[in-house]
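In what follows, a single structure is set out as structure tokens and then discussed.
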Amino acid sequence: MHISELAALLVGSIIEGSGETAITGIQTDSRKVEPGDLFICLPGYKMDGHDFATQAVERGAAALVVERQVDANVPKIFVKDSRYAMAVFANHVYDYPSHELKVIGVTGTNGKTTTTFIIDQILTDHGRNTGLMGTIHMKIGDQIYDVKNTTQESLELQRNFRRMRDVGAEYCLMEVSSHALDMGRVKGVDFRTAVFTNLTQDHLDYHQTMERYRDAKGLLFSRLTNTFAADPDRRKFAVLNVDDAASATYAALTVAQVVTYGIDQPADIKAESIRTTAKGTAFTVNTFAGSTNIELQMIGKFSVYNALAAIAAALCEGIPLEQIKQSLERIRGVDGRFEPVNEGQEFLVIVDYAHTPDSLENVLSTIHEFAEGRIYCIFGCGGDRDRTKRPLMGGIAARMSDVVVITSDNPRTEDPDAILRDVEEGVLKEGLQPDQYMLIQDRKAAIEKVIEMAGPKDVVLIAGKGHETYQEIGGERFDFDDRLVAKNAIRRLAK
């Protein structure tokens, strides 16, 4: 492919050098450039790709995409916005793969991972070939890959869509973060369905206000479509949680058919008669396709919301309600989401990814529905992230737990003790006494301490990291898995 073919996709782009220069691939990381690649210089928050143009050329880059002049003796395509150009060029180079897939995107503060996993399982059980992209991993065919971001950059995204199509995928289930929407990572993605889970406080270090956070997620719905289609395979759907006030905003933004789900308000897919135990959650679901009783192996009201979102998306794909029920009842759960750690102990240990005020409150509310003994809550807040949620989470833990242990959770480049003190503010406002909470910076020591303290019928919640298998401290990553640490602590206790 010649660079003139790419430049022609953007009105106003200017080629300096020969437009007949051929390229064999695209890269945005100069360290990954191979001879013949087009290197796109992306400006960033911490680094600017223009500063690495020379390095890219030294590694064999045949041409560059730039917003400003750089000292490199290869042809250049000058554009106004290189990130936008990347999305356009990636679509073209990989032959617009999302047009050949039914892409179901899930956005929201909490529940994205579980909801995508549930939809994926329902579709797979129904004989559909699927790919998946999310926080835990990416699935292409029968291969599982680690991921860096919840939602990939547009270049990686289009490359992986093409890989999915090449192995026969019909669907891609993907988590869509507010960062990705705001930064344009999913521009050019032809979404079939957009699913909204909920909107609660998170990422205010980036978005600054809840209104801007809400509006960033709204981009997924406003960009779904502005047309209607007779062909069922080309129709678009917005699946909205009617119990969340933001859904009214998103419904007004989209031209896609709106399908609602909920528990408290009238909805197209509505759950009633919810019953929660320590082993699962049962409920009746009423839909436009009929009604049925469902017994989830997953626990809590939040699990019901995730299931309802998945039911709505699956019904839009024409899957019979009875088959959806069968899939839902087989799912045991998702890694790090209300995941029990069982080594034969007399108390319950639960590991959960809850790292926002709302998700922590949801998990603790669920525990209250079945707990017979004391509730211990071990959690922390990430460094270099929204500081305003720290005291909020401290207050929630204080109100809803018998013993609170504040510890480290990816302090990154911040002082771990300073983060703990921010959380402690919320605990103190609730009037907890010194014997009701502890500050233990070392997360391993914190987990071991609580395991030693727990007695029969108590519940130990280890919140914040879930599926993660690392701690980020001082800019370095260290191996760390809450589940493994808890298992080892329980085993030592049993000796």
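By order in the structure tokens, chains are A, B, ...; within a chain, residues start at 1; ligands start at 1, following the order shown.
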
Please give the complete set of residues from range 211-401 of chain A that DSSP, run on the backbone, assigns to strand (DSSP E), formatted as a compact mmCIF listing (two decimals) with N, CA and C atoms, in the first residue's frame.
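Result file follows (out02.txt):
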# COMPACT_ATOMS: atom_id res chain seq x y z
N PHE A 237 -28.68 -1.35 18.61
CA PHE A 237 -29.41 -1.38 19.87
C PHE A 237 -28.63 -0.65 20.97
N ALA A 238 -29.36 0.07 21.80
CA ALA A 238 -28.80 0.68 23.01
C ALA A 238 -29.48 0.01 24.19
N VAL A 239 -28.72 -0.76 24.97
CA VAL A 239 -29.26 -1.48 26.11
C VAL A 239 -28.94 -0.67 27.37
N LEU A 240 -29.98 -0.18 28.05
CA LEU A 240 -29.79 0.80 29.11
C LEU A 240 -30.39 0.33 30.44
N ASN A 241 -29.65 0.59 31.52
CA ASN A 241 -30.11 0.32 32.88
C ASN A 241 -31.05 1.44 33.30
N GLN A 257 -32.35 1.60 18.53
CA GLN A 257 -33.50 1.14 19.31
C GLN A 257 -33.08 0.95 20.76
N VAL A 258 -33.80 1.55 21.68
CA VAL A 258 -33.48 1.46 23.11
C VAL A 258 -34.20 0.26 23.72
N VAL A 259 -33.44 -0.58 24.41
CA VAL A 259 -33.99 -1.71 25.15
C VAL A 259 -33.57 -1.52 26.61
N THR A 260 -34.54 -1.46 27.51
CA THR A 260 -34.23 -1.16 28.91
C THR A 260 -34.28 -2.40 29.78
N TYR A 261 -33.51 -2.35 30.86
CA TYR A 261 -33.57 -3.40 31.87
C TYR A 261 -33.49 -2.76 33.24
N GLY A 262 -33.98 -3.45 34.26
CA GLY A 262 -33.92 -2.87 35.60
C GLY A 262 -34.61 -3.75 36.63
N ILE A 269 -36.87 -5.57 30.24
CA ILE A 269 -36.38 -6.78 30.90
C ILE A 269 -36.29 -6.44 32.38
N LYS A 270 -37.14 -7.04 33.19
CA LYS A 270 -37.26 -6.63 34.59
C LYS A 270 -37.15 -7.84 35.52
N ALA A 271 -36.36 -7.68 36.58
CA ALA A 271 -36.21 -8.74 37.57
C ALA A 271 -37.12 -8.48 38.76
N GLU A 272 -37.71 -9.56 39.26
CA GLU A 272 -38.58 -9.47 40.43
C GLU A 272 -38.29 -10.65 41.35
N SER A 273 -38.78 -10.54 42.59
CA SER A 273 -38.67 -11.64 43.57
C SER A 273 -37.23 -12.12 43.72
N ILE A 274 -36.32 -11.19 43.96
CA ILE A 274 -34.89 -11.53 44.07
C ILE A 274 -34.62 -12.14 45.45
N ARG A 275 -33.90 -13.26 45.44
CA ARG A 275 -33.57 -13.97 46.68
C ARG A 275 -32.08 -14.30 46.66
N THR A 276 -31.35 -13.83 47.68
CA THR A 276 -29.91 -14.01 47.73
C THR A 276 -29.51 -14.90 48.90
N THR A 281 -28.02 -16.42 43.65
CA THR A 281 -29.12 -15.48 43.62
C THR A 281 -30.19 -15.98 42.66
N ALA A 282 -31.42 -16.02 43.13
CA ALA A 282 -32.54 -16.44 42.29
C ALA A 282 -33.46 -15.26 42.05
N PHE A 283 -34.07 -15.23 40.87
CA PHE A 283 -35.03 -14.16 40.57
C PHE A 283 -35.92 -14.58 39.40
N THR A 284 -37.01 -13.86 39.26
CA THR A 284 -37.91 -14.03 38.11
C THR A 284 -37.65 -12.90 37.14
N VAL A 285 -37.52 -13.22 35.87
CA VAL A 285 -37.31 -12.17 34.87
C VAL A 285 -38.50 -12.14 33.92
N ASN A 286 -39.03 -10.94 33.74
CA ASN A 286 -40.13 -10.71 32.80
C ASN A 286 -39.60 -9.92 31.62
N THR A 287 -39.82 -10.42 30.41
CA THR A 287 -39.29 -9.78 29.21
C THR A 287 -40.35 -9.73 28.12
N GLY A 290 -41.10 -13.26 27.00
CA GLY A 290 -41.61 -14.22 27.95
C GLY A 290 -41.01 -14.04 29.33
N SER A 291 -41.37 -14.94 30.24
CA SER A 291 -40.88 -14.88 31.62
C SER A 291 -40.30 -16.23 32.01
N THR A 292 -39.35 -16.19 32.98
CA THR A 292 -38.78 -17.43 33.48
C THR A 292 -38.13 -17.17 34.83
N ASN A 293 -37.88 -18.24 35.57
CA ASN A 293 -37.17 -18.16 36.83
C ASN A 293 -35.71 -18.53 36.59
N ILE A 294 -34.79 -17.76 37.18
CA ILE A 294 -33.36 -17.99 36.98
C ILE A 294 -32.67 -18.13 38.32
N GLU A 295 -31.81 -19.12 38.42
CA GLU A 295 -31.02 -19.34 39.63
C GLU A 295 -29.54 -19.18 39.29
N LEU A 296 -28.98 -18.01 39.59
CA LEU A 296 -27.58 -17.72 39.32
C LEU A 296 -26.69 -18.38 40.37
N GLU A 339 -15.33 -13.57 44.19
CA GLU A 339 -14.75 -14.91 44.07
C GLU A 339 -14.40 -15.47 45.45
N PRO A 340 -14.98 -16.60 45.84
CA PRO A 340 -14.67 -17.18 47.14
C PRO A 340 -13.30 -17.86 47.15
N VAL A 341 -12.63 -17.79 48.27
CA VAL A 341 -11.37 -18.52 48.49
C VAL A 341 -11.66 -19.57 49.54
N LEU A 348 -15.84 -17.35 55.70
CA LEU A 348 -15.89 -17.11 54.26
C LEU A 348 -14.92 -16.01 53.87
N VAL A 349 -14.12 -16.27 52.84
CA VAL A 349 -13.22 -15.26 52.29
C VAL A 349 -13.66 -14.95 50.86
N ILE A 350 -13.86 -13.68 50.56
CA ILE A 350 -14.30 -13.25 49.23
C ILE A 350 -13.31 -12.23 48.68
N VAL A 351 -12.87 -12.45 47.45
CA VAL A 351 -12.00 -11.49 46.75
C VAL A 351 -12.83 -10.82 45.67
N ASP A 352 -12.80 -9.50 45.64
CA ASP A 352 -13.61 -8.77 44.66
C ASP A 352 -12.85 -7.55 44.14
N ILE A 375 -18.07 -8.99 59.90
CA ILE A 375 -17.62 -8.67 58.54
C ILE A 375 -16.32 -7.88 58.62
N TYR A 376 -15.27 -8.44 58.02
CA TYR A 376 -13.97 -7.78 57.94
C TYR A 376 -13.79 -7.26 56.52
N CYS A 377 -13.39 -6.01 56.38
CA CYS A 377 -13.18 -5.42 55.06
C CYS A 377 -11.74 -4.94 54.92
N ILE A 378 -11.00 -5.56 54.00
CA ILE A 378 -9.62 -5.17 53.69
C ILE A 378 -9.65 -4.48 52.33
N PHE A 379 -9.18 -3.26 52.25
CA PHE A 379 -9.18 -2.57 50.96
C PHE A 379 -8.20 -1.40 50.99

Hey, what's within 7 Å of range 150-165 of chain A if we count only C-alpha atoms and toss same-chain stuff fewer than 5 positions away? As number ranges by chain, please?
A: 86-87, 90-91, 94, 97-98, 131, 134-135, 140-141, 175-177, 180, 185-186

Let me see the file: selected residues, C-alpha atoms, as a PDB file, in the first residue's frame.
ATOM      1  CA  MET A  86      -4.373   6.470  13.185  1.00  0.00           C
ATOM      2  CA  ALA A  87      -8.003   5.358  13.575  1.00  0.00           C
ATOM      3  CA  ALA A  90      -5.927   1.394  10.828  1.00  0.00           C
ATOM      4  CA  ASN A  91      -9.476   0.811   9.600  1.00  0.00           C
ATOM      5  CA  TYR A  94      -7.114  -3.903   8.080  1.00  0.00           C
ATOM      6  CA  PRO A  97     -13.028  -5.483  10.085  1.00  0.00           C
ATOM      7  CA  SER A  98     -15.698  -4.249  12.527  1.00  0.00           C
ATOM      8  CA  GLY A 131     -13.968 -12.868  20.383  1.00  0.00           C
ATOM      9  CA  GLY A 134     -11.616  -6.571  28.264  1.00  0.00           C
ATOM     10  CA  THR A 135      -9.911  -5.900  31.551  1.00  0.00           C
ATOM     11  CA  ILE A 140      -9.177 -14.645  19.784  1.00  0.00           C
ATOM     12  CA  GLY A 141     -10.314 -18.081  18.677  1.00  0.00           C
ATOM     13  CA  GLU A 175     -15.440  -3.401  27.420  1.00  0.00           C
ATOM     14  CA  VAL A 176     -15.429   0.269  26.456  1.00  0.00           C
ATOM     15  CA  SER A 177     -13.861   2.591  29.017  1.00  0.00           C
ATOM     16  CA  ALA A 180     -11.053   5.166  25.463  1.00  0.00           C
ATOM     17  CA  ARG A 185      -9.643   4.898  20.722  1.00  0.00           C
ATOM     18  CA  VAL A 186     -12.920   3.454  19.435  1.00  0.00           C
TER      19      VAL A 186
END

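Between Val11 in chain A and the candidates A:Ile462, A:Ala307, A:Val88, A:Met133, the tightest atom-to-atom separation, counting only C-alpha atoms, involves A:Val88.
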
Just list as a PyMOL selection string whatever in range 32-262 of chain A DSSP marks as alpha helix (DSSP H).
chain A and resi 53-58+82-93+112-125+154-166+178-183+204-207+210-222+246-253

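Each of A:Arg192, A:His2, A:Arg390, A:His92 was compared to Ala63 in chain A using only C-alpha atoms, and A:His2 turns out to be the nearest.
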
With only C-alpha atoms as the counted atoms, please give the residues lying no more than 9 Å from Arg214 in chain A, apart from itself and same-chain residues fewer than 6 positions off, as a VMD selection string.
chain A and resid 178 199 246 249

Nearest residue to Ile119 in chain A from the set A:Gly44, A:Gly105, A:Gly168, A:Pro357 (distances using only C-alpha atoms):
A:Gly105

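Compared by their closest atoms to His467 in chain A, and using only C-alpha atoms, the residues A:Phe39, A:Phe347, A:Phe370, A:Tyr353 rank with A:Tyr353 nearest.
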
Please identify all polymer residues within 12 Å of Ile451 in chain A, counting only C-alpha atoms, omitting same-chain residues fewer than 4 positions from it, and present them as number ranges by chain.
A: 341, 343, 345-350, 375-378, 405, 444-447, 455-456, 458-462, 485-494

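Among A:Asp29, A:Gln441, A:Pro416, A:Gly344, the residue with the shortest atom-to-atom distance to Asp384 in chain A, counting only C-alpha atoms, is A:Pro416.
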